[in-house]
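Asker: Below is the structure I would like to discuss, written out as structure tokens.
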Amino acid sequence: MLKKNVIRGGKNQVIGSVTSGYAGGSSLVRDAEGRLLGKNSEQFHNTRDAQGKLVSTNTPDAGLLFGQ
């Protein structure tokens, strides 16, 4: 079952979302307009940006993609 969490900024504006529940424990990260920022994988313990470049290892944290 997919679960979407909305990320809000300091003035309660939507800045993005994280959708989890994909096969292998993956989560997709999107910006406020719905563009894909990247994905993280609990199976491989890493986070990749939208182009597939490695952002972090041993830290499957989708929040790392919002600072780029």
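Going through the structure tokens in order, the chains are called A, B, and so on, while each chain numbers its residues from 1 and the ligands are numbered from 1 in the order shown.
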Using DSSP on the backbone coordinates, identify the residues of chain A assigned to helix (DSSP H, G or I); present them as a PyMOL selection string.

Answerer: chain A and resi 23-25+62-67

Asker: Output N, CA, C and O atoms for every residue in the selection just made, as a PDB file, in the first residue's frame.

Answerer:
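Output file result_18.pdb is given in full below:
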ATOM      1  N   ALA A  23       7.839  -1.610  -4.005  1.00  0.00           N
ATOM      2  CA  ALA A  23       8.551  -2.880  -3.837  1.00  0.00           C
ATOM      3  C   ALA A  23      10.007  -2.622  -3.450  1.00  0.00           C
ATOM      4  O   ALA A  23      10.638  -1.700  -3.944  1.00  0.00           O
ATOM      5  N   GLY A  24      10.512  -3.423  -2.565  1.00  0.00           N
ATOM      6  CA  GLY A  24      11.900  -3.271  -2.128  1.00  0.00           C
ATOM      7  C   GLY A  24      12.106  -2.173  -1.122  1.00  0.00           C
ATOM      8  O   GLY A  24      13.237  -1.841  -0.793  1.00  0.00           O
ATOM      9  N   GLY A  25      11.047  -1.566  -0.625  1.00  0.00           N
ATOM     10  CA  GLY A  25      11.173  -0.507   0.370  1.00  0.00           C
ATOM     11  C   GLY A  25      11.607   0.822  -0.212  1.00  0.00           C
ATOM     12  O   GLY A  25      12.183   1.643   0.485  1.00  0.00           O
ATOM     13  N   ALA A  62      15.136  10.250   2.347  1.00  0.00           N
ATOM     14  CA  ALA A  62      14.562  11.021   1.238  1.00  0.00           C
ATOM     15  C   ALA A  62      14.717  12.514   1.443  1.00  0.00           C
ATOM     16  O   ALA A  62      14.767  13.276   0.485  1.00  0.00           O
ATOM     17  N   GLY A  63      14.825  12.975   2.676  1.00  0.00           N
ATOM     18  CA  GLY A  63      14.975  14.401   2.966  1.00  0.00           C
ATOM     19  C   GLY A  63      16.247  14.998   2.397  1.00  0.00           C
ATOM     20  O   GLY A  63      16.317  16.203   2.180  1.00  0.00           O
ATOM     21  N   LEU A  64      17.253  14.179   2.113  1.00  0.00           N
ATOM     22  CA  LEU A  64      18.495  14.686   1.535  1.00  0.00           C
ATOM     23  C   LEU A  64      18.296  15.291   0.162  1.00  0.00           C
ATOM     24  O   LEU A  64      19.054  16.136  -0.276  1.00  0.00           O
ATOM     25  N   LEU A  65      17.244  14.889  -0.543  1.00  0.00           N
ATOM     26  CA  LEU A  65      17.005  15.369  -1.890  1.00  0.00           C
ATOM     27  C   LEU A  65      16.395  16.769  -1.937  1.00  0.00           C
ATOM     28  O   LEU A  65      16.422  17.419  -2.972  1.00  0.00           O
ATOM     29  N   PHE A  66      15.839  17.255  -0.836  1.00  0.00           N
ATOM     30  CA  PHE A  66      15.199  18.579  -0.843  1.00  0.00           C
ATOM     31  C   PHE A  66      16.220  19.711  -0.771  1.00  0.00           C
ATOM     32  O   PHE A  66      15.910  20.828  -1.157  1.00  0.00           O
ATOM     33  N   GLY A  67      17.417  19.465  -0.327  1.00  0.00           N
ATOM     34  CA  GLY A  67      18.411  20.519  -0.199  1.00  0.00           C
ATOM     35  C   GLY A  67      19.201  20.790  -1.457  1.00  0.00           C
ATOM     36  O   GLY A  67      20.045  21.660  -1.480  1.00  0.00           O
TER      37      GLY A  67
END

Asker: Just want the 12 Å neighbourhood of Gly9 of chain A, counted on only C-alpha atoms, with same-chain residues fewer than 6 positions away dropped. Output as a PDB file with N, CA and C atoms, in the first residue's frame.

Answerer:
ATOM      1  N   ILE A  15       6.194  22.040  -0.024  1.00  0.00           N
ATOM      2  CA  ILE A  15       7.469  22.106  -0.735  1.00  0.00           C
ATOM      3  C   ILE A  15       7.808  20.779  -1.408  1.00  0.00           C
ATOM      4  N   GLY A  16       7.064  19.724  -1.098  1.00  0.00           N
ATOM      5  CA  GLY A  16       7.309  18.447  -1.740  1.00  0.00           C
ATOM      6  C   GLY A  16       6.540  17.323  -1.090  1.00  0.00           C
ATOM      7  N   SER A  17       6.829  16.108  -1.549  1.00  0.00           N
ATOM      8  CA  SER A  17       6.169  14.932  -0.984  1.00  0.00           C
ATOM      9  C   SER A  17       7.078  13.717  -1.098  1.00  0.00           C
ATOM     10  N   ASP A  31       8.950  17.290  -5.885  1.00  0.00           N
ATOM     11  CA  ASP A  31       8.844  18.676  -5.432  1.00  0.00           C
ATOM     12  C   ASP A  31       7.375  19.099  -5.418  1.00  0.00           C
ATOM     13  N   ALA A  32       7.116  20.361  -5.121  1.00  0.00           N
ATOM     14  CA  ALA A  32       5.742  20.859  -4.991  1.00  0.00           C
ATOM     15  C   ALA A  32       4.957  20.760  -6.297  1.00  0.00           C
ATOM     16  N   PHE A  66      15.839  17.255  -0.836  1.00  0.00           N
ATOM     17  CA  PHE A  66      15.199  18.579  -0.843  1.00  0.00           C
ATOM     18  C   PHE A  66      16.220  19.711  -0.771  1.00  0.00           C
TER      19      PHE A  66
END

Asker: At a cut-off of 12 Å, using only C-alpha atoms, what residues contact Val14 of chain A? Leave out same-chain residues fewer than 6 positions from it and give the result as a list in words.

Answerer: Asn5, Val6, Ile7, Arg8, Arg30, Asp31, Ala32, Glu33 and Gly34 of chain A

Asker: Quick one: residues within 9 Å of segment 45-51 of chain A, only C-alpha atoms, excluding same-chain residues fewer than 2 positions away - as JSON, numbers by chain?

Answerer: {"A": [29, 36, 37, 38, 39, 40, 41, 42, 43, 53, 54, 55, 56, 57, 58, 59, 60, 61, 62, 64, 65]}

Asker: Filtering to C-alpha atoms, could you give me those residues as a compact mmCIF listing (two decimals), in the first residue's frame?

Answerer:
# COMPACT_ATOMS: atom_id res chain seq x y z
CA VAL A 29 10.57 12.14 -3.64
CA LEU A 36 10.68 13.70 -9.48
CA LEU A 37 13.66 14.73 -7.35
CA GLY A 38 14.92 11.22 -6.69
CA LYS A 39 14.37 8.02 -4.78
CA ASN A 40 15.72 6.20 -1.80
CA SER A 41 16.03 2.48 -1.32
CA GLU A 42 15.90 0.68 2.00
CA GLN A 43 16.99 -2.50 0.23
CA LYS A 53 23.45 9.82 -9.33
CA LEU A 54 24.25 8.56 -5.85
CA VAL A 55 23.48 11.17 -3.16
CA SER A 56 24.24 9.11 -0.06
CA THR A 57 25.04 5.58 1.04
CA ASN A 58 24.05 3.81 4.24
CA THR A 59 21.48 6.58 4.75
CA PRO A 60 18.21 5.93 2.92
CA ASP A 61 16.92 9.43 3.78
CA ALA A 62 14.56 11.02 1.24
CA LEU A 64 18.49 14.69 1.54
CA LEU A 65 17.00 15.37 -1.89

Asker: I need the residues of segment 27-56 of chain A that end up classed as strand (DSSP E) by DSSP on the backbone, written out as a PyMOL selection string.

Answerer: chain A and resi 27-31+36-41+46-49+54-56

Asker: Based on the selection just made, write N, CA, C and O atoms of those residues as a PDB file, in the first residue's frame.

Answerer:
ATOM      1  N   SER A  27      11.204   4.650  -1.873  1.00  0.00           N
ATOM      2  CA  SER A  27      10.363   5.830  -1.729  1.00  0.00           C
ATOM      3  C   SER A  27      10.718   6.814  -2.830  1.00  0.00           C
ATOM      4  O   SER A  27      11.886   6.991  -3.153  1.00  0.00           O
ATOM      5  N   LEU A  28       9.703   7.460  -3.416  1.00  0.00           N
ATOM      6  CA  LEU A  28       9.920   8.488  -4.426  1.00  0.00           C
ATOM      7  C   LEU A  28       9.727   9.857  -3.809  1.00  0.00           C
ATOM      8  O   LEU A  28       8.788  10.076  -3.044  1.00  0.00           O
ATOM      9  N   VAL A  29      10.608  10.783  -4.174  1.00  0.00           N
ATOM     10  CA  VAL A  29      10.566  12.140  -3.640  1.00  0.00           C
ATOM     11  C   VAL A  29      10.244  13.088  -4.787  1.00  0.00           C
ATOM     12  O   VAL A  29      10.878  13.042  -5.835  1.00  0.00           O
ATOM     13  N   ARG A  30       9.235  13.936  -4.581  1.00  0.00           N
ATOM     14  CA  ARG A  30       8.812  14.889  -5.613  1.00  0.00           C
ATOM     15  C   ARG A  30       8.762  16.293  -5.014  1.00  0.00           C
ATOM     16  O   ARG A  30       8.545  16.469  -3.822  1.00  0.00           O
ATOM     17  N   ASP A  31       8.950  17.290  -5.885  1.00  0.00           N
ATOM     18  CA  ASP A  31       8.844  18.676  -5.432  1.00  0.00           C
ATOM     19  C   ASP A  31       7.375  19.099  -5.418  1.00  0.00           C
ATOM     20  O   ASP A  31       6.482  18.300  -5.689  1.00  0.00           O
ATOM     21  N   LEU A  36       9.881  14.663 -10.228  1.00  0.00           N
ATOM     22  CA  LEU A  36      10.677  13.699  -9.485  1.00  0.00           C
ATOM     23  C   LEU A  36      12.026  14.298  -9.109  1.00  0.00           C
ATOM     24  O   LEU A  36      12.759  14.786  -9.972  1.00  0.00           O
ATOM     25  N   LEU A  37      12.357  14.274  -7.816  1.00  0.00           N
ATOM     26  CA  LEU A  37      13.664  14.734  -7.345  1.00  0.00           C
ATOM     27  C   LEU A  37      14.620  13.567  -7.193  1.00  0.00           C
ATOM     28  O   LEU A  37      15.820  13.717  -7.315  1.00  0.00           O
ATOM     29  N   GLY A  38      14.079  12.389  -6.878  1.00  0.00           N
ATOM     30  CA  GLY A  38      14.922  11.222  -6.693  1.00  0.00           C
ATOM     31  C   GLY A  38      14.191  10.130  -5.951  1.00  0.00           C
ATOM     32  O   GLY A  38      12.977  10.192  -5.759  1.00  0.00           O
ATOM     33  N   LYS A  39      14.965   9.124  -5.533  1.00  0.00           N
ATOM     34  CA  LYS A  39      14.369   8.023  -4.776  1.00  0.00           C
ATOM     35  C   LYS A  39      15.369   7.471  -3.793  1.00  0.00           C
ATOM     36  O   LYS A  39      16.577   7.603  -3.978  1.00  0.00           O
ATOM     37  N   ASN A  40      14.842   6.883  -2.739  1.00  0.00           N
ATOM     38  CA  ASN A  40      15.720   6.204  -1.800  1.00  0.00           C
ATOM     39  C   ASN A  40      15.311   4.744  -1.728  1.00  0.00           C
ATOM     40  O   ASN A  40      14.182   4.382  -2.041  1.00  0.00           O
ATOM     41  N   SER A  41      16.251   3.912  -1.359  1.00  0.00           N
ATOM     42  CA  SER A  41      16.028   2.483  -1.321  1.00  0.00           C
ATOM     43  C   SER A  41      16.474   1.930   0.021  1.00  0.00           C
ATOM     44  O   SER A  41      17.645   2.053   0.386  1.00  0.00           O
ATOM     45  N   ASN A  46      20.593   3.387   0.106  1.00  0.00           N
ATOM     46  CA  ASN A  46      21.152   4.557  -0.550  1.00  0.00           C
ATOM     47  C   ASN A  46      20.049   5.491  -1.020  1.00  0.00           C
ATOM     48  O   ASN A  46      18.882   5.152  -0.995  1.00  0.00           O
ATOM     49  N   THR A  47      20.470   6.676  -1.438  1.00  0.00           N
ATOM     50  CA  THR A  47      19.568   7.688  -1.975  1.00  0.00           C
ATOM     51  C   THR A  47      20.150   8.180  -3.288  1.00  0.00           C
ATOM     52  O   THR A  47      21.344   8.482  -3.361  1.00  0.00           O
ATOM     53  N   ARG A  48      19.321   8.254  -4.330  1.00  0.00           N
ATOM     54  CA  ARG A  48      19.763   8.703  -5.652  1.00  0.00           C
ATOM     55  C   ARG A  48      18.902   9.865  -6.114  1.00  0.00           C
ATOM     56  O   ARG A  48      17.729   9.947  -5.784  1.00  0.00           O
ATOM     57  N   ASP A  49      19.496  10.777  -6.898  1.00  0.00           N
ATOM     58  CA  ASP A  49      18.736  11.902  -7.432  1.00  0.00           C
ATOM     59  C   ASP A  49      17.956  11.459  -8.666  1.00  0.00           C
ATOM     60  O   ASP A  49      17.978  10.290  -9.056  1.00  0.00           O
ATOM     61  N   LEU A  54      24.273   8.902  -7.262  1.00  0.00           N
ATOM     62  CA  LEU A  54      24.254   8.560  -5.849  1.00  0.00           C
ATOM     63  C   LEU A  54      24.388   9.821  -4.995  1.00  0.00           C
ATOM     64  O   LEU A  54      25.309  10.610  -5.181  1.00  0.00           O
ATOM     65  N   VAL A  55      23.449  10.020  -4.064  1.00  0.00           N
ATOM     66  CA  VAL A  55      23.476  11.172  -3.163  1.00  0.00           C
ATOM     67  C   VAL A  55      24.068  10.773  -1.824  1.00  0.00           C
ATOM     68  O   VAL A  55      24.867  11.500  -1.246  1.00  0.00           O
ATOM     69  N   SER A  56      23.696   9.596  -1.319  1.00  0.00           N
ATOM     70  CA  SER A  56      24.241   9.114  -0.058  1.00  0.00           C
ATOM     71  C   SER A  56      24.172   7.595   0.000  1.00  0.00           C
ATOM     72  O   SER A  56      23.345   6.969  -0.661  1.00  0.00           O
TER      73      SER A  56
END
